[in-house]
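The structure under discussion appears below in the form of structure tokens.
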Amino acid sequence: GFTRTERGGARRQRERGGTGPSVNITDPDSRLMTNGAGGGSVQGYNAQVAGTDDHLVLGVHVSQDANDTHCFAPTLAAAAVAGTALDLQIGTVLADAGYFTEENLTMAGPDRLIAPGRNRDIARESREEPATGPPPANASAMDQMRHRLRSAEDHQVYKRRSATVETVIAHLKEQVGLRRFSRRGITAVTAELHLAAAVVNLRRMHAAALSLS
């Protein structure tokens with residue numbers, strides 16, 4: 001097992017966005033990840049899902065990063081590739097506070113709303129300190145995003161996040177049963193996530209077809 005010092009070092013590495021230690025000799029690609037908001041650790045991967053407003057999976061990405069910060073760009077890139085292939089244009093990207101960095105806010109790509117904090121704090125600020133008009137021109141990218149999410153219009157758009165991607169993730173877990181990966185190695189795990197995403201999409205399209213018949 002880990003000594004106290006090694007656990008502390010692993011925690012600090014995860015907080016900085018590092019990949020964490022490899023401690024599983026049967027799957028050396030996997031890394032030590034924080035297990036939910038309650039703390040604790042699990043050996044595994046960081047699976048990212050980009051969903052559409054009508055609950056389809058548009059892109060997925062699997063990484064060894066214990067922190068979501070560096071997963072925004074590759075997940076968005078995967079969604080953009082799929083969107084181009086389907087002749088779809090991505091409108092506004094909605095992401096939670098785990099992706100709130102200067103780099104993610106300023107990188108090229110579609111418009112985005114990335115939360116600067118918890119949903120309840122964003123709702124309170126938009127209610128108690130509402131913003132109107134465009135952000136100040138000299139404000140930093142982070143302050144501009146804080147301004148936008150205090151506006152009634154952008155806050156209303158952002159509220160769709162939990163009703164879209166969280167629903168898709170629930171479908172992956174509950175309908176497909178993907179609560180843990182059964183394969184080993186990041187390549188095989190990525191293939192497994194792609195397969196599960198395809199199942200979600202096929203089920204969704206089948207249900208839509210039945211509703212029209």
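In the structure tokens, chains take letters A, B, ... by order of appearance, with residues numbered from 1 within each chain and ligands from 1 in the order shown.
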
All alpha helix (DSSP H) positions in range 7-162 of chain A, as an MDAnalysis selection string:
chainID A and resid 7:15 72:85 102:106 119:128 141:150 152:158 161:162

Can I get the selected residues back with C-alpha atoms, as a PDB file, in the first residue's frame?
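The resulting file, result-v2.pdb, is reproduced below:
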```
ATOM      1  CA  ARG A   7      -0.707   9.369  -0.745  1.00  0.00           C
ATOM      2  CA  GLY A   8      -0.175  13.058  -0.118  1.00  0.00           C
ATOM      3  CA  GLY A   9       2.100  13.319  -3.140  1.00  0.00           C
ATOM      4  CA  ALA A  10      -0.437  11.534  -5.326  1.00  0.00           C
ATOM      5  CA  ARG A  11      -3.181  13.859  -4.122  1.00  0.00           C
ATOM      6  CA  ARG A  12      -1.127  16.954  -4.865  1.00  0.00           C
ATOM      7  CA  GLN A  13      -0.265  15.600  -8.298  1.00  0.00           C
ATOM      8  CA  ARG A  14      -3.948  15.037  -9.076  1.00  0.00           C
ATOM      9  CA  GLU A  15      -4.829  18.533  -7.889  1.00  0.00           C
ATOM     10  CA  PHE A  72     -11.708  19.916 -22.480  1.00  0.00           C
ATOM     11  CA  ALA A  73      -9.755  20.436 -25.715  1.00  0.00           C
ATOM     12  CA  PRO A  74      -9.535  16.770 -26.853  1.00  0.00           C
ATOM     13  CA  THR A  75     -13.184  16.103 -25.993  1.00  0.00           C
ATOM     14  CA  LEU A  76     -14.295  19.190 -27.905  1.00  0.00           C
ATOM     15  CA  ALA A  77     -12.067  18.156 -30.809  1.00  0.00           C
ATOM     16  CA  ALA A  78     -13.694  14.711 -30.898  1.00  0.00           C
ATOM     17  CA  ALA A  79     -17.146  16.308 -30.914  1.00  0.00           C
ATOM     18  CA  ALA A  80     -16.106  18.714 -33.685  1.00  0.00           C
ATOM     19  CA  VAL A  81     -14.850  15.858 -35.895  1.00  0.00           C
ATOM     20  CA  ALA A  82     -18.133  13.993 -35.463  1.00  0.00           C
ATOM     21  CA  GLY A  83     -20.121  17.178 -36.059  1.00  0.00           C
ATOM     22  CA  THR A  84     -18.285  17.838 -39.305  1.00  0.00           C
ATOM     23  CA  ALA A  85     -18.873  14.264 -40.492  1.00  0.00           C
ATOM     24  CA  GLU A 102      -7.783  30.580 -19.037  1.00  0.00           C
ATOM     25  CA  GLU A 103      -6.641  28.109 -21.690  1.00  0.00           C
ATOM     26  CA  ASN A 104     -10.042  26.465 -22.056  1.00  0.00           C
ATOM     27  CA  LEU A 105     -11.810  29.809 -22.148  1.00  0.00           C
ATOM     28  CA  THR A 106      -9.597  31.325 -24.833  1.00  0.00           C
ATOM     29  CA  ASN A 119     -24.271  25.731  -9.778  1.00  0.00           C
ATOM     30  CA  ARG A 120     -25.889  27.108  -6.639  1.00  0.00           C
ATOM     31  CA  ASP A 121     -23.289  29.881  -6.427  1.00  0.00           C
ATOM     32  CA  ILE A 122     -23.791  30.796 -10.075  1.00  0.00           C
ATOM     33  CA  ALA A 123     -27.562  30.911  -9.577  1.00  0.00           C
ATOM     34  CA  ARG A 124     -27.206  33.092  -6.487  1.00  0.00           C
ATOM     35  CA  GLU A 125     -24.855  35.538  -8.193  1.00  0.00           C
ATOM     36  CA  SER A 126     -27.069  35.815 -11.263  1.00  0.00           C
ATOM     37  CA  ARG A 127     -29.983  36.578  -8.962  1.00  0.00           C
ATOM     38  CA  GLU A 128     -28.274  38.926  -6.495  1.00  0.00           C
ATOM     39  CA  ALA A 141     -11.230  35.856 -19.855  1.00  0.00           C
ATOM     40  CA  MET A 142     -12.271  34.486 -16.473  1.00  0.00           C
ATOM     41  CA  ASP A 143     -13.957  37.713 -15.411  1.00  0.00           C
ATOM     42  CA  GLN A 144     -15.705  37.958 -18.767  1.00  0.00           C
ATOM     43  CA  MET A 145     -17.130  34.479 -18.225  1.00  0.00           C
ATOM     44  CA  ARG A 146     -18.237  35.378 -14.698  1.00  0.00           C
ATOM     45  CA  HIS A 147     -20.000  38.417 -16.157  1.00  0.00           C
ATOM     46  CA  ARG A 148     -21.716  36.348 -18.833  1.00  0.00           C
ATOM     47  CA  LEU A 149     -23.018  33.792 -16.356  1.00  0.00           C
ATOM     48  CA  ARG A 150     -24.521  36.552 -14.220  1.00  0.00           C
ATOM     49  CA  ALA A 152     -30.117  36.295 -17.380  1.00  0.00           C
ATOM     50  CA  GLU A 153     -29.770  35.064 -20.959  1.00  0.00           C
ATOM     51  CA  ASP A 154     -26.477  33.182 -20.625  1.00  0.00           C
ATOM     52  CA  HIS A 155     -27.392  31.814 -17.212  1.00  0.00           C
ATOM     53  CA  GLN A 156     -30.581  30.386 -18.684  1.00  0.00           C
ATOM     54  CA  VAL A 157     -28.585  28.745 -21.483  1.00  0.00           C
ATOM     55  CA  TYR A 158     -26.076  27.285 -19.029  1.00  0.00           C
ATOM     56  CA  ARG A 161     -26.021  21.587 -19.094  1.00  0.00           C
ATOM     57  CA  SER A 162     -27.323  19.353 -16.330  1.00  0.00           C
TER      58      SER A 162
END
```

For the strand (DSSP E or B) assignment from backbone DSSP, which residues of range 48-160 of chain A qualify? Please present them as a list in words.
Gln48, Val49, Ala50, Gly51, Val57, Leu58, Gly59, Val60, His61, Val62, Ser63, Val93, Leu94, Ala95, Arg112, Leu113 and Ile114 of chain A

Those same residues - N, CA, C and O atoms - I'd like them written as a PDB file, in the first residue's frame.
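Now in result.pdb:
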```
ATOM      1  N   GLN A  48     -14.568  11.075 -20.653  1.00  0.00           N
ATOM      2  CA  GLN A  48     -15.267  12.319 -20.957  1.00  0.00           C
ATOM      3  C   GLN A  48     -16.306  12.073 -22.045  1.00  0.00           C
ATOM      4  O   GLN A  48     -16.054  11.318 -22.993  1.00  0.00           O
ATOM      5  N   VAL A  49     -17.450  12.731 -21.913  1.00  0.00           N
ATOM      6  CA  VAL A  49     -18.535  12.576 -22.881  1.00  0.00           C
ATOM      7  C   VAL A  49     -19.054  13.948 -23.283  1.00  0.00           C
ATOM      8  O   VAL A  49     -19.320  14.791 -22.426  1.00  0.00           O
ATOM      9  N   ALA A  50     -19.191  14.177 -24.587  1.00  0.00           N
ATOM     10  CA  ALA A  50     -19.824  15.389 -25.105  1.00  0.00           C
ATOM     11  C   ALA A  50     -21.171  14.993 -25.672  1.00  0.00           C
ATOM     12  O   ALA A  50     -21.250  14.172 -26.591  1.00  0.00           O
ATOM     13  N   GLY A  51     -22.233  15.555 -25.102  1.00  0.00           N
ATOM     14  CA  GLY A  51     -23.579  15.214 -25.530  1.00  0.00           C
ATOM     15  C   GLY A  51     -24.269  16.376 -26.217  1.00  0.00           C
ATOM     16  O   GLY A  51     -23.885  17.538 -26.038  1.00  0.00           O
ATOM     17  N   VAL A  57     -24.726  11.152 -27.977  1.00  0.00           N
ATOM     18  CA  VAL A  57     -23.295  11.306 -27.695  1.00  0.00           C
ATOM     19  C   VAL A  57     -22.624  11.774 -28.977  1.00  0.00           C
ATOM     20  O   VAL A  57     -22.648  11.070 -29.993  1.00  0.00           O
ATOM     21  N   LEU A  58     -21.996  12.942 -28.925  1.00  0.00           N
ATOM     22  CA  LEU A  58     -21.335  13.481 -30.108  1.00  0.00           C
ATOM     23  C   LEU A  58     -19.839  13.188 -30.101  1.00  0.00           C
ATOM     24  O   LEU A  58     -19.212  13.069 -31.151  1.00  0.00           O
ATOM     25  N   GLY A  59     -19.252  13.065 -28.928  1.00  0.00           N
ATOM     26  CA  GLY A  59     -17.825  12.790 -28.858  1.00  0.00           C
ATOM     27  C   GLY A  59     -17.457  12.219 -27.506  1.00  0.00           C
ATOM     28  O   GLY A  59     -18.112  12.504 -26.499  1.00  0.00           O
ATOM     29  N   VAL A  60     -16.405  11.408 -27.467  1.00  0.00           N
ATOM     30  CA  VAL A  60     -15.898  10.850 -26.206  1.00  0.00           C
ATOM     31  C   VAL A  60     -14.382  10.968 -26.194  1.00  0.00           C
ATOM     32  O   VAL A  60     -13.733  11.082 -27.235  1.00  0.00           O
ATOM     33  N   HIS A  61     -13.826  10.923 -25.003  1.00  0.00           N
ATOM     34  CA  HIS A  61     -12.374  10.960 -24.844  1.00  0.00           C
ATOM     35  C   HIS A  61     -12.015  10.250 -23.548  1.00  0.00           C
ATOM     36  O   HIS A  61     -12.680  10.439 -22.522  1.00  0.00           O
ATOM     37  N   VAL A  62     -10.988   9.422 -23.593  1.00  0.00           N
ATOM     38  CA  VAL A  62     -10.494   8.729 -22.402  1.00  0.00           C
ATOM     39  C   VAL A  62      -9.069   9.188 -22.148  1.00  0.00           C
ATOM     40  O   VAL A  62      -8.242   9.224 -23.076  1.00  0.00           O
ATOM     41  N   SER A  63      -8.777   9.550 -20.909  1.00  0.00           N
ATOM     42  CA  SER A  63      -7.431  10.020 -20.583  1.00  0.00           C
ATOM     43  C   SER A  63      -6.957   9.409 -19.275  1.00  0.00           C
ATOM     44  O   SER A  63      -7.720   8.790 -18.529  1.00  0.00           O
ATOM     45  N   VAL A  93     -21.050  25.517 -26.309  1.00  0.00           N
ATOM     46  CA  VAL A  93     -20.557  24.420 -25.476  1.00  0.00           C
ATOM     47  C   VAL A  93     -20.781  24.777 -24.011  1.00  0.00           C
ATOM     48  O   VAL A  93     -20.453  25.882 -23.575  1.00  0.00           O
ATOM     49  N   LEU A  94     -21.341  23.851 -23.246  1.00  0.00           N
ATOM     50  CA  LEU A  94     -21.607  24.066 -21.823  1.00  0.00           C
ATOM     51  C   LEU A  94     -20.731  23.111 -21.017  1.00  0.00           C
ATOM     52  O   LEU A  94     -20.742  21.905 -21.249  1.00  0.00           O
ATOM     53  N   ALA A  95     -19.968  23.656 -20.082  1.00  0.00           N
ATOM     54  CA  ALA A  95     -19.053  22.823 -19.293  1.00  0.00           C
ATOM     55  C   ALA A  95     -19.048  23.293 -17.851  1.00  0.00           C
ATOM     56  O   ALA A  95     -19.242  24.478 -17.569  1.00  0.00           O
ATOM     57  N   ARG A 112     -18.607  29.199 -25.844  1.00  0.00           N
ATOM     58  CA  ARG A 112     -18.722  28.292 -24.701  1.00  0.00           C
ATOM     59  C   ARG A 112     -19.098  29.046 -23.446  1.00  0.00           C
ATOM     60  O   ARG A 112     -18.783  30.229 -23.294  1.00  0.00           O
ATOM     61  N   LEU A 113     -19.779  28.342 -22.569  1.00  0.00           N
ATOM     62  CA  LEU A 113     -20.070  28.827 -21.220  1.00  0.00           C
ATOM     63  C   LEU A 113     -19.489  27.805 -20.251  1.00  0.00           C
ATOM     64  O   LEU A 113     -19.953  26.661 -20.197  1.00  0.00           O
ATOM     65  N   ILE A 114     -18.466  28.207 -19.520  1.00  0.00           N
ATOM     66  CA  ILE A 114     -17.819  27.320 -18.557  1.00  0.00           C
ATOM     67  C   ILE A 114     -18.026  27.902 -17.166  1.00  0.00           C
ATOM     68  O   ILE A 114     -17.661  29.056 -16.912  1.00  0.00           O
TER      69      ILE A 114
END
```

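CA of Asn67 in chain A is positioned 29.7 Å from CA of Asn138 in chain A.
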